[in-house]
file model-v4.cif (mmCIF, C-alpha atoms)
data_query
loop_
_atom_site.group_PDB
_atom_site.id
_atom_site.type_symbol
_atom_site.label_atom_id
_atom_site.label_comp_id
_atom_site.auth_asym_id
_atom_site.auth_seq_id
_atom_site.Cartn_x
_atom_site.Cartn_y
_atom_site.Cartn_z
ATOM 1 C CA MET Z 9 -1.690 -14.203 1.311
ATOM 2 C CA TYR Z 10 -4.486 -16.609 2.259
ATOM 3 C CA ASP Z 11 -5.185 -20.277 2.831
ATOM 4 C CA THR Z 12 -8.303 -19.853 0.686
ATOM 5 C CA ASP Z 13 -9.283 -17.534 -2.144
ATOM 6 C CA PRO Z 14 -9.859 -13.970 -0.841
ATOM 7 C CA VAL Z 15 -13.368 -13.571 -2.183
ATOM 8 C CA GLY Z 16 -15.430 -13.215 0.987
ATOM 9 C CA SER Z 17 -16.076 -10.367 3.394
ATOM 10 C CA LEU Z 18 -13.291 -8.404 5.033
ATOM 11 C CA SER Z 19 -13.814 -10.377 8.267
ATOM 12 C CA PHE Z 20 -13.715 -13.696 6.414
ATOM 13 C CA ASN Z 21 -10.583 -12.742 4.526
ATOM 14 C CA VAL Z 22 -8.739 -11.544 7.623
ATOM 15 C CA MET Z 23 -9.542 -14.802 9.399
ATOM 16 C CA HIS Z 24 -7.920 -16.734 6.546
ATOM 17 C CA GLN Z 25 -4.933 -14.471 6.059
ATOM 18 C CA LEU Z 26 -1.453 -15.858 6.680
ATOM 19 C CA HIS Z 27 0.754 -12.991 5.520
ATOM 20 C CA ASP Z 28 0.310 -9.297 4.774
ATOM 21 C CA TYR Z 29 3.237 -7.689 3.012
ATOM 22 C CA ASN Z 30 3.507 -3.916 2.855
ATOM 23 C CA VAL Z 31 5.942 -1.074 3.501
ATOM 24 C CA HIS Z 32 3.823 0.446 6.310
ATOM 25 C CA ILE Z 33 2.207 3.828 6.561
ATOM 26 C CA ASP Z 34 4.791 6.583 6.817
ATOM 27 C CA SER Z 35 4.993 9.074 9.675
ATOM 28 C CA ASN Z 36 3.028 11.577 7.597
ATOM 29 C CA ASP Z 37 0.176 9.056 7.110
ATOM 30 C CA VAL Z 38 0.945 8.330 3.458
ATOM 31 C CA PHE Z 39 -0.370 4.835 2.891
ATOM 32 C CA TRP Z 40 2.009 2.055 1.827
ATOM 33 C CA MET Z 41 4.134 4.162 -0.526
ATOM 34 C CA VAL Z 42 7.872 3.799 -0.823
ATOM 35 C CA PRO Z 43 10.318 5.755 -2.982
ATOM 36 C CA VAL Z 44 11.858 3.621 -5.717
ATOM 37 C CA GLU Z 45 14.299 4.265 -8.532
ATOM 38 C CA HIS Z 46 12.862 6.328 -11.378
ATOM 39 C CA ASP Z 47 13.413 3.515 -13.863
ATOM 40 C CA ALA Z 48 11.440 1.059 -11.715
ATOM 41 C CA VAL Z 49 8.390 2.497 -13.470
ATOM 42 C CA GLU Z 50 7.901 2.631 -17.241
ATOM 43 C CA VAL Z 51 4.824 4.332 -18.656
ATOM 44 C CA GLU Z 52 3.581 4.513 -22.253
ATOM 45 C CA PHE Z 53 0.421 6.306 -21.355
ATOM 46 C CA ASP Z 54 -1.048 6.789 -24.821
ATOM 47 C CA GLU Z 55 -0.758 3.041 -25.293
ATOM 48 C CA ALA Z 56 -2.271 2.440 -21.826
ATOM 49 C CA ARG Z 57 0.795 0.477 -20.859
ATOM 50 C CA ALA Z 58 2.922 0.614 -17.747
ATOM 51 C CA ARG Z 59 5.309 -1.598 -15.865
ATOM 52 C CA LEU Z 60 6.505 -1.596 -12.258
ATOM 53 C CA ARG Z 61 9.541 -3.735 -11.513
ATOM 54 C CA VAL Z 62 11.298 -3.916 -8.167
ATOM 55 C CA ASP Z 63 13.695 -6.558 -6.912
ATOM 56 C CA ASN Z 64 14.507 -7.399 -3.317
ATOM 57 C CA LEU Z 65 12.451 -4.693 -1.634
ATOM 58 C CA ARG Z 66 12.534 -4.917 2.137
ATOM 59 C CA VAL Z 67 8.995 -4.931 3.490
ATOM 60 C CA PHE Z 68 7.099 -5.979 6.593
ATOM 61 C CA ASP Z 69 4.921 -9.028 7.056
ATOM 62 C CA ASP Z 70 2.127 -7.875 9.380
ATOM 63 C CA HIS Z 71 0.471 -11.317 9.181
ATOM 64 C CA ASP Z 72 -2.946 -9.879 8.358
ATOM 65 C CA LEU Z 73 -4.642 -6.637 7.391
ATOM 66 C CA ALA Z 74 -6.177 -6.167 10.841
ATOM 67 C CA ASN Z 75 -2.778 -6.196 12.502
ATOM 68 C CA SER Z 76 -1.396 -3.975 9.779
ATOM 69 C CA LEU Z 77 -4.084 -1.332 10.254
ATOM 70 C CA THR Z 78 -4.061 -1.499 14.058
ATOM 71 C CA LEU Z 79 -0.257 -1.246 14.142
ATOM 72 C CA GLY Z 80 0.055 -4.726 15.589
ATOM 73 C CA LEU Z 81 -2.769 -4.518 18.131
ATOM 74 C CA GLY Z 82 -5.021 -7.043 16.440
ATOM 75 C CA LEU Z 83 -8.759 -6.896 17.095
ATOM 76 C CA PRO Z 84 -10.373 -7.370 20.520
ATOM 77 C CA ASP Z 85 -12.656 -10.232 21.502
ATOM 78 C CA ASP Z 86 -15.597 -7.910 22.038
ATOM 79 C CA PRO Z 87 -19.219 -8.917 21.352
ATOM 80 C CA ARG Z 88 -19.931 -5.334 20.257
ATOM 81 C CA SER Z 89 -17.269 -5.571 17.591
ATOM 82 C CA PRO Z 90 -18.423 -6.423 14.073
ATOM 83 C CA PHE Z 91 -15.119 -8.202 13.526
ATOM 84 C CA PRO Z 92 -13.693 -11.487 14.772
ATOM 85 C CA ALA Z 93 -10.999 -11.402 17.441
ATOM 86 C CA ILE Z 94 -7.550 -11.239 15.853
ATOM 87 C CA GLU Z 95 -4.494 -11.980 17.958
ATOM 88 C CA PRO Z 96 -1.935 -9.156 18.116
ATOM 89 C CA LYS Z 97 1.099 -9.795 15.946
ATOM 90 C CA ALA Z 98 4.277 -7.770 15.657
ATOM 91 C CA PRO Z 99 5.613 -7.340 12.113
ATOM 92 C CA VAL Z 100 8.517 -9.363 10.801
ATOM 93 C CA ARG Z 101 10.858 -8.575 7.945
ATOM 94 C CA ALA Z 102 10.516 -10.002 4.459
ATOM 95 C CA THR Z 103 11.886 -9.304 0.995
ATOM 96 C CA VAL Z 104 9.660 -9.102 -2.071
ATOM 97 C CA SER Z 105 10.302 -8.865 -5.790
ATOM 98 C CA PHE Z 106 7.569 -8.032 -8.251
ATOM 99 C CA ASP Z 107 6.892 -7.270 -11.889
ATOM 100 C CA VAL Z 108 3.498 -5.710 -12.556
ATOM 101 C CA GLU Z 109 2.304 -4.832 -16.046
ATOM 102 C CA TRP Z 110 -0.714 -2.806 -17.105
ATOM 103 C CA SER Z 111 -1.843 -3.246 -20.719
ATOM 104 C CA GLY Z 112 -4.961 -3.588 -22.830
ATOM 105 C CA ILE Z 113 -7.689 -0.965 -22.675
ATOM 106 C CA VAL Z 114 -10.898 -2.129 -21.003
ATOM 107 C CA ASP Z 115 -12.406 1.322 -20.514
ATOM 108 C CA ARG Z 116 -11.328 4.967 -20.669
ATOM 109 C CA ALA Z 117 -12.663 8.107 -19.009
ATOM 110 C CA GLU Z 118 -11.880 11.750 -18.472
ATOM 111 C CA ILE Z 119 -12.650 12.439 -14.829
ATOM 112 C CA ARG Z 120 -13.091 15.690 -13.001
ATOM 113 C CA ASN Z 121 -14.086 15.113 -9.384
ATOM 114 C CA ASP Z 122 -14.581 18.398 -7.530
ATOM 115 C CA THR Z 123 -15.393 16.650 -4.246
ATOM 116 C CA GLN Z 124 -12.168 14.653 -4.129
ATOM 117 C CA GLN Z 125 -10.240 17.346 -5.971
ATOM 118 C CA PHE Z 126 -8.737 15.216 -8.692
ATOM 119 C CA ARG Z 127 -8.938 15.149 -12.479
ATOM 120 C CA GLY Z 128 -7.284 13.376 -15.334
ATOM 121 C CA THR Z 129 -7.415 10.676 -17.951
ATOM 122 C CA PHE Z 130 -7.891 7.150 -16.676
ATOM 123 C CA TYR Z 131 -7.825 3.731 -18.272
ATOM 124 C CA SER Z 132 -9.207 0.522 -16.896
ATOM 125 C CA THR Z 133 -6.698 -2.012 -18.181
ATOM 126 C CA GLY Z 134 -5.716 -5.611 -18.064
ATOM 127 C CA ALA Z 135 -2.853 -6.394 -15.713
ATOM 128 C CA THR Z 136 -0.500 -9.177 -14.754
ATOM 129 C CA ILE Z 137 1.794 -9.668 -11.801
ATOM 130 C CA LYS Z 138 4.680 -11.984 -11.141
ATOM 131 C CA TRP Z 139 5.993 -11.771 -7.614
ATOM 132 C CA SER Z 140 7.836 -13.658 -4.943
ATOM 133 C CA VAL Z 141 8.602 -13.234 -1.274
ATOM 134 C CA GLU Z 142 11.287 -14.559 0.995
ATOM 135 C CA GLN Z 143 11.444 -14.445 4.746
ATOM 136 C CA LEU Z 144 12.813 -16.616 7.511
ATOM 137 C CA GLY Z 145 11.614 -20.166 6.860
ATOM 138 C CA PHE Z 146 9.277 -19.242 4.015
ATOM 139 C CA ARG Z 147 9.478 -18.585 0.298
ATOM 140 C CA PHE Z 148 6.574 -18.132 -2.104
ATOM 141 C CA GLU Z 149 6.275 -17.568 -5.828
ATOM 142 C CA SER Z 150 3.136 -16.504 -7.658
ATOM 143 C CA ASP Z 151 1.693 -18.567 -10.478
ATOM 144 C CA THR Z 152 -1.855 -18.151 -11.790
ATOM 145 C CA GLN Z 153 -3.826 -14.928 -11.522
ATOM 146 C CA GLN Z 154 -6.932 -12.980 -12.429
ATOM 147 C CA ASN Z 155 -7.143 -9.219 -12.845
ATOM 148 C CA LEU Z 156 -10.284 -7.937 -11.110
ATOM 149 C CA ILE Z 157 -9.638 -4.304 -11.953
ATOM 150 C CA SER Z 158 -6.544 -2.285 -12.706
ATOM 151 C CA VAL Z 159 -6.284 1.401 -13.465
ATOM 152 C CA LEU Z 160 -3.697 3.574 -15.145
ATOM 153 C CA GLY Z 161 -4.075 7.336 -14.963
ATOM 154 C CA ARG Z 162 -2.509 10.665 -15.721
ATOM 155 C CA GLU Z 163 -3.862 12.901 -13.008
ATOM 156 C CA GLN Z 164 -3.626 16.108 -11.034
ATOM 157 C CA ASN Z 165 -4.957 16.380 -7.503
ATOM 158 C CA GLY Z 166 -4.815 18.645 -4.460
ATOM 159 C CA GLY Z 167 -2.847 21.784 -5.227
ATOM 160 C CA PHE Z 168 -2.506 20.785 -8.876
ATOM 161 C CA PHE Z 169 -6.275 20.399 -9.301
ATOM 162 C CA THR Z 170 -7.685 23.372 -11.194
ATOM 163 C CA MET R 21 3.273 -12.410 25.182
ATOM 164 C CA LYS R 22 5.461 -9.753 26.711
ATOM 165 C CA GLU R 23 6.259 -8.483 23.282
ATOM 166 C CA ASP R 24 2.569 -8.308 22.465
ATOM 167 C CA PHE R 25 1.922 -6.344 25.616
ATOM 168 C CA ALA R 26 4.687 -3.912 24.818
ATOM 169 C CA TRP R 27 3.323 -3.563 21.313
ATOM 170 C CA ARG R 28 -0.142 -2.872 22.693
ATOM 171 C CA LYS R 29 0.994 -0.174 25.101
ATOM 172 C CA ILE R 30 2.945 1.965 22.763
ATOM 173 C CA GLY R 31 1.389 4.932 21.116
ATOM 174 C CA ARG R 32 1.987 6.260 17.670
ATOM 175 C CA ARG R 33 4.679 8.868 17.561
ATOM 176 C CA ARG R 34 5.385 11.540 15.026
ATOM 177 C CA LEU R 35 9.136 11.479 15.388
ATOM 178 C CA SER R 36 10.508 9.496 12.518
ATOM 179 C CA ARG R 37 14.023 8.541 11.586
ATOM 180 C CA ARG R 38 13.458 10.568 8.449
ATOM 181 C CA ASN R 39 12.901 13.611 10.633
ATOM 182 C CA LEU R 40 16.073 12.780 12.511
ATOM 183 C CA ILE R 41 18.143 12.473 9.380
ATOM 184 C CA CYS R 42 16.704 15.374 7.456
ATOM 185 C CA GLY R 43 15.530 17.651 10.233
ATOM 186 C CA ALA R 44 17.190 19.458 13.091
ATOM 187 C CA GLY R 45 19.730 17.390 14.974
ATOM 188 C CA ALA R 46 18.824 18.746 18.382
ATOM 189 C CA ILE R 47 16.284 16.024 19.047
ATOM 190 C CA ALA R 48 18.366 13.173 17.710
ATOM 191 C CA GLY R 49 17.988 10.025 19.746
ATOM 192 C CA ALA R 50 14.847 11.052 21.577
ATOM 193 C CA GLY R 51 12.689 8.044 22.333
ATOM 194 C CA LEU R 52 14.743 5.580 20.377
ATOM 195 C CA LEU R 53 15.293 3.229 23.293
ATOM 196 C CA ARG R 54 11.770 1.902 23.498
ATOM 197 C CA PRO R 55 9.845 -0.193 20.999
ATOM 198 C CA ARG R 56 7.298 1.520 18.820
ATOM 199 C CA PRO R 57 5.324 1.024 15.640
ATOM 200 C CA VAL R 58 7.525 0.864 12.590
ATOM 201 C CA PHE R 59 6.726 3.426 9.929
ATOM 202 C CA ALA R 60 7.651 3.220 6.280
ATOM 203 C CA ASP R 61 10.146 6.042 6.604
ATOM 204 C CA ASP R 62 11.903 4.442 9.533
ATOM 205 C CA ASN R 63 13.889 2.203 7.276
ATOM 206 C CA GLU R 64 16.358 2.237 4.454
ATOM 207 C CA HIS R 65 13.793 3.552 1.977
ATOM 208 C CA SER R 66 13.846 7.003 3.534
ATOM 209 C CA ALA R 67 14.046 10.066 1.362
ATOM 210 C CA CYS R 68 14.082 13.654 2.499
ATOM 211 C CA ALA R 69 11.049 14.750 0.515
ATOM 212 C CA LEU R 70 7.994 13.714 2.504
ATOM 213 C CA ALA R 71 4.735 13.683 0.550
ATOM 214 C CA ASN R 72 1.268 14.441 1.909
ATOM 215 C CA PRO R 73 -1.539 11.874 1.906
ATOM 216 C CA ILE R 74 -4.822 12.315 0.039
ATOM 217 C CA PRO R 75 -7.464 13.724 2.400
ATOM 218 C CA GLY R 76 -10.001 10.938 1.837
ATOM 219 C CA GLY R 77 -10.000 7.225 2.455
ATOM 220 C CA GLY R 78 -11.568 5.186 5.208
ATOM 221 C CA ALA R 79 -11.123 3.096 8.330
ATOM 222 C CA PRO R 80 -11.886 -0.531 7.394
ATOM 223 C CA PHE R 81 -11.817 -1.737 11.012
ATOM 224 C CA LYS R 82 -13.583 1.225 12.543
ATOM 225 C CA PRO R 83 -13.686 1.850 15.494
ATOM 226 C CA PHE R 84 -10.313 0.100 15.633
ATOM 227 C CA GLY R 85 -7.287 0.837 13.567
ATOM 228 C CA VAL R 86 -5.969 3.783 11.678
ATOM 229 C CA VAL R 87 -7.528 5.909 8.958
ATOM 230 C CA VAL R 88 -6.318 4.691 5.608
ATOM 231 C CA HIS R 89 -5.724 7.417 3.043
ATOM 232 C CA HIS R 90 -6.320 5.111 0.115
ATOM 233 C CA ASN R 91 -9.237 4.327 -2.158
ATOM 234 C CA PRO R 92 -9.188 0.634 -3.039
ATOM 235 C CA LEU R 93 -10.385 -0.225 -6.506
ATOM 236 C CA ASN R 94 -13.843 -1.726 -6.779
ATOM 237 C CA ALA R 95 -13.991 -4.559 -9.309
ATOM 238 C CA ALA R 96 -17.523 -3.476 -10.192
ATOM 239 C CA ASN R 97 -15.984 -0.424 -11.877
ATOM 240 C CA GLN R 98 -13.794 -2.362 -14.303
ATOM 241 C CA LEU R 99 -16.109 -1.406 -17.174
ATOM 242 C CA ALA R 100 -16.968 1.979 -15.663
ATOM 243 C CA VAL R 101 -13.663 3.604 -14.816
ATOM 244 C CA ALA R 102 -15.380 7.002 -14.648
ATOM 245 C CA LYS R 103 -16.765 5.916 -11.259
ATOM 246 C CA ILE R 104 -13.430 5.382 -9.527
ATOM 247 C CA ASN R 105 -12.265 7.414 -6.573
ATOM 248 C CA ASP R 106 -8.868 9.104 -6.641
ATOM 249 C CA PRO R 107 -6.431 6.194 -7.118
ATOM 250 C CA SER R 108 -3.477 8.204 -5.832
ATOM 251 C CA GLN R 109 -2.248 7.901 -2.248
ATOM 252 C CA ILE R 110 -0.394 11.226 -2.540
ATOM 253 C CA THR R 111 -2.073 14.618 -2.735
ATOM 254 C CA ASP R 112 -0.754 17.773 -4.401
ATOM 255 C CA PHE R 113 0.354 15.385 -7.117
ATOM 256 C CA ASP R 114 0.725 15.742 -10.881
ATOM 257 C CA GLY R 115 1.763 12.629 -12.721
ATOM 258 C CA PHE R 116 1.110 9.022 -13.609
ATOM 259 C CA VAL R 117 -0.624 6.653 -11.247
ATOM 260 C CA GLY R 118 -1.232 2.917 -11.483
ATOM 261 C CA LEU R 119 -3.266 0.661 -9.239
ATOM 262 C CA THR R 120 -4.248 -3.011 -9.370
ATOM 263 C CA ASN R 121 -6.558 -5.478 -7.751
ATOM 264 C CA ILE R 122 -5.280 -8.865 -8.865
ATOM 265 C CA HIS R 123 -6.104 -12.193 -7.267
ATOM 266 C CA GLY R 124 -4.051 -15.301 -7.839
ATOM 267 C CA ARG R 125 -2.324 -18.359 -6.503
ATOM 268 C CA GLY R 126 1.223 -19.529 -6.038
ATOM 269 C CA THR R 127 3.400 -22.155 -4.482
ATOM 270 C CA VAL R 128 5.396 -22.291 -1.283
ATOM 271 C CA THR R 129 8.927 -23.224 -2.315
ATOM 272 C CA GLY R 130 9.942 -26.689 -1.223
ATOM 273 C CA GLU R 131 6.369 -27.708 -0.495
ATOM 274 C CA SER R 132 3.350 -28.603 -2.565
ATOM 275 C CA THR R 133 1.293 -26.038 -0.648
ATOM 276 C CA ILE R 134 -0.775 -23.714 -2.816
ATOM 277 C CA LEU R 135 -1.705 -20.342 -1.316
ATOM 278 C CA SER R 136 -3.907 -17.574 -2.656
ATOM 279 C CA PHE R 137 -3.011 -13.903 -2.837
ATOM 280 C CA ARG R 138 -4.548 -10.544 -3.482
ATOM 281 C CA ALA R 139 -2.247 -7.883 -4.898
ATOM 282 C CA ASP R 140 -3.332 -4.296 -4.287
ATOM 283 C CA MET R 141 -0.300 -2.612 -5.739
ATOM 284 C CA GLY R 142 0.623 0.341 -7.844
ATOM 285 C CA PHE R 143 2.838 3.344 -8.393
ATOM 286 C CA SER R 144 2.946 7.111 -8.609
ATOM 287 C CA GLN R 145 5.454 8.931 -10.759
ATOM 288 C CA GLY R 146 5.522 12.680 -11.205
ATOM 289 C CA HIS R 147 5.659 15.935 -9.301
ATOM 290 C CA PHE R 148 4.308 16.586 -5.830
ATOM 291 C CA ILE R 149 4.343 19.305 -3.225
ATOM 292 C CA GLY R 150 6.038 17.947 -0.124
ATOM 293 C CA VAL R 151 5.487 18.818 3.518
ATOM 294 C CA ASP R 152 8.253 21.358 3.051
ATOM 295 C CA GLY R 153 5.986 23.241 0.647
ATOM 296 C CA ARG R 154 8.389 22.679 -2.215
ATOM 297 C CA ARG R 155 7.853 20.953 -5.543
ATOM 298 C CA HIS R 156 9.585 17.593 -5.878
ATOM 299 C CA GLU R 157 9.851 14.916 -8.512
ATOM 300 C CA GLY R 158 9.523 11.340 -7.377
ATOM 301 C CA THR R 159 8.697 7.744 -8.163
ATOM 302 C CA PHE R 160 6.892 5.646 -5.581
ATOM 303 C CA ALA R 161 5.731 2.066 -5.451
ATOM 304 C CA PHE R 162 2.495 1.281 -3.664
ATOM 305 C CA VAL R 163 3.237 -1.931 -1.795
#

call {"tool": "encode", "arguments": {"input": "model-v4.cif", "output": "structure tokens"}}
result
Amino acid sequence: MYDTDPVGSLSFNVMHQLHDYNVHIDSNDVFWMVPVEHDAVEVEFDEARARLRVDNLRVFDDHDLANSLTLGLGLPDDPRSPFPAIEPKAPVRATVSFDVEWSGIVDRAEIRNDTQQFRGTFYSTGATIKWSVEQLGFRFESDTQQNLISVLGREQNGGFFT
Amino acid sequence: MKEDFAWRKIGRRRLSRRNLICGAGAIAGAGLLRPRPVFADDNEHSACALANPIPGGGAPFKPFGVVVHHNPLNAANQLAVAKINDPSQITDFDGFVGLTNIHGRGTVTGESTILSFRADMGFSQGHFIGVDGRRHEGTFAFV
């Protein structure tokens, strides 16, 4: 979440970031994934439609992406660094609810990527999100939005890639 | 400031609460008395089947920060989805995956303040081979 639109460079965006909500990387280095109930996700793949709905998910607010990806260390005030100094921040708890929908085919492709070892059928789709967050002294609800790119896929990777 | 210093000093550990719950009990309690980074599987979302991350990704704040096993969507590929990188965060995976890059605005409740947001979110639903080498079925939100 930002005090200005997040359309600039990574450094610019981090400088203007006020909140960064995520579930953290797990101890096996899986990035920001959390198990949810099976029925939290609905997919009608042939129609290029999907929906992800979760209520009251406990997450962390790392304040900004730099603190999130340095595990709360921030970024140093170092002239050799390509990034601005970011003060260290410890995460705080928050609760988010969200309803994300993918629909409307923008593009479609069959992909086989031997380098990254993944293949499948992928749609570029339209998408909408309605979400809110609540934490101590702060509550926010989304309103307007613009989908820059959203993707829905049926894929096999790693050991399932043949 | 003290808290910041403590946060700075601690290293990343591989002992997770998930390991403690699902693994051998002999090491239960080790290291739990000092602060440490909080991992996703340290909390109430824990499940016994631990997935493996995709091998690729990047380090946005290199040389600082962790390696991120995630391929963010590039808006330039909206009309050329064939150019995307693997959108899954989990490897050894067979199933449905969704990912978004949505920008928007919203309101702080009780104030007239308008803030902007960027939502990089998604899901994975299907089968995966866990760190235990076994096949599992799971549904994950990317948050």

call {"tool": "atom_distance", "arguments": {"input": "model-v4.cif", "atom1": "atom CA of Z:Asp11", "atom2": "atom CA of Z:Asp72"}}
result
12.0 Å

call {"tool": "closest_residue", "arguments": {"input": "model-v4.cif", "among": "Z:Asp28, Z:Asp34, Z:Asp13, Z:Glu109", "to": "R:Gln109", "atoms": "all atoms listed in the file"}}
result
Z:Asp34

call {"tool": "resolve_selection", "arguments": {"input": "model-v4.cif", "expression": "the PyMOL selection byres ((chain R) within 7 of (chain Z))", "output": "ChimeraX atom specification"}}
result
/R:24,27-28,34,36,57,59-61,65,72-73,84-86,88-90,93,95,98-102,106,109-129,135-138,159-163

call {"tool": "atom_distance", "arguments": {"input": "model-v4.cif", "atom1": "atom CA of Z:Asp54", "atom2": "atom CA of Z:Thr170"}}
result
22.5 Å

call {"tool": "atom_distance", "arguments": {"input": "model-v4.cif", "atom1": "atom CA of R:Asp152", "atom2": "atom CA of R:Leu70"}}
result
7.7 Å

call {"tool": "resolve_selection", "arguments": {"input": "model-v4.cif", "expression": "the PyMOL selection byres ((chain R and resi 78) around 10)", "output": "PDB file with C-alpha atoms, in the frame of the given file"}}
result
ATOM      1  CA  PRO R  75      -7.464  13.724   2.400  1.00  0.00           C
ATOM      2  CA  GLY R  76     -10.001  10.938   1.837  1.00  0.00           C
ATOM      3  CA  GLY R  77     -10.000   7.225   2.455  1.00  0.00           C
ATOM      4  CA  ALA R  79     -11.123   3.096   8.330  1.00  0.00           C
ATOM      5  CA  PRO R  80     -11.886  -0.531   7.394  1.00  0.00           C
ATOM      6  CA  PHE R  81     -11.817  -1.737  11.012  1.00  0.00           C
ATOM      7  CA  LYS R  82     -13.583   1.225  12.543  1.00  0.00           C
ATOM      8  CA  VAL R  86      -5.969   3.783  11.678  1.00  0.00           C
ATOM      9  CA  VAL R  87      -7.528   5.909   8.958  1.00  0.00           C
ATOM     10  CA  VAL R  88      -6.318   4.691   5.608  1.00  0.00           C
ATOM     11  CA  HIS R  89      -5.724   7.417   3.043  1.00  0.00           C
ATOM     12  CA  HIS R  90      -6.320   5.111   0.115  1.00  0.00           C
ATOM     13  CA  ASN R  91      -9.237   4.327  -2.158  1.00  0.00           C
ATOM     14  CA  PRO R  92      -9.188   0.634  -3.039  1.00  0.00           C
TER      15      PRO R  92
END

call {"tool": "decode", "arguments": {"input": "model-v4.cif", "residues": "stretch 32-66 of chain Z", "atoms": "C-alpha atoms", "output": "tab-separated table (two decimals), in the first residue's frame"}}
result
chain	number	residue	atom	x	y	z
Z	32	HIS	CA	6.05	-14.53	4.71
Z	33	ILE	CA	8.38	-16.98	3.07
Z	34	ASP	CA	8.14	-20.40	4.67
Z	35	SER	CA	11.08	-22.25	6.21
Z	36	ASN	CA	11.54	-24.17	2.97
Z	37	ASP	CA	11.84	-20.91	0.98
Z	38	VAL	CA	8.42	-21.17	-0.67
Z	39	PHE	CA	7.44	-17.59	-1.39
Z	40	TRP	CA	4.30	-16.12	0.19
Z	41	MET	CA	2.14	-19.23	-0.11
Z	42	VAL	CA	-0.29	-20.33	2.55
Z	43	PRO	CA	-2.54	-23.40	2.63
Z	44	VAL	CA	-6.22	-22.50	2.40
Z	45	GLU	CA	-9.44	-24.48	2.30
Z	46	HIS	CA	-10.00	-26.33	-0.97
Z	47	ASP	CA	-13.20	-24.40	-1.66
Z	48	ALA	CA	-11.40	-21.05	-1.31
Z	49	VAL	CA	-10.49	-21.55	-4.96
Z	50	GLU	CA	-12.98	-22.15	-7.78
Z	51	VAL	CA	-11.70	-22.81	-11.28
Z	52	GLU	CA	-13.62	-23.15	-14.55
Z	53	PHE	CA	-10.54	-23.46	-16.65
Z	54	ASP	CA	-12.13	-23.97	-20.06
Z	55	GLU	CA	-14.02	-20.74	-19.48
Z	56	ALA	CA	-10.82	-19.02	-18.27
Z	57	ARG	CA	-12.52	-18.19	-15.01
Z	58	ALA	CA	-11.33	-18.56	-11.45
Z	59	ARG	CA	-12.07	-17.09	-8.07
Z	60	LEU	CA	-10.04	-16.91	-4.86
Z	61	ARG	CA	-11.96	-15.94	-1.74
Z	62	VAL	CA	-10.50	-15.84	1.75
Z	63	ASP	CA	-11.87	-14.09	4.82
Z	64	ASN	CA	-9.95	-13.00	7.88
Z	65	LEU	CA	-6.56	-14.41	6.95
Z	66	ARG	CA	-3.87	-13.58	9.48
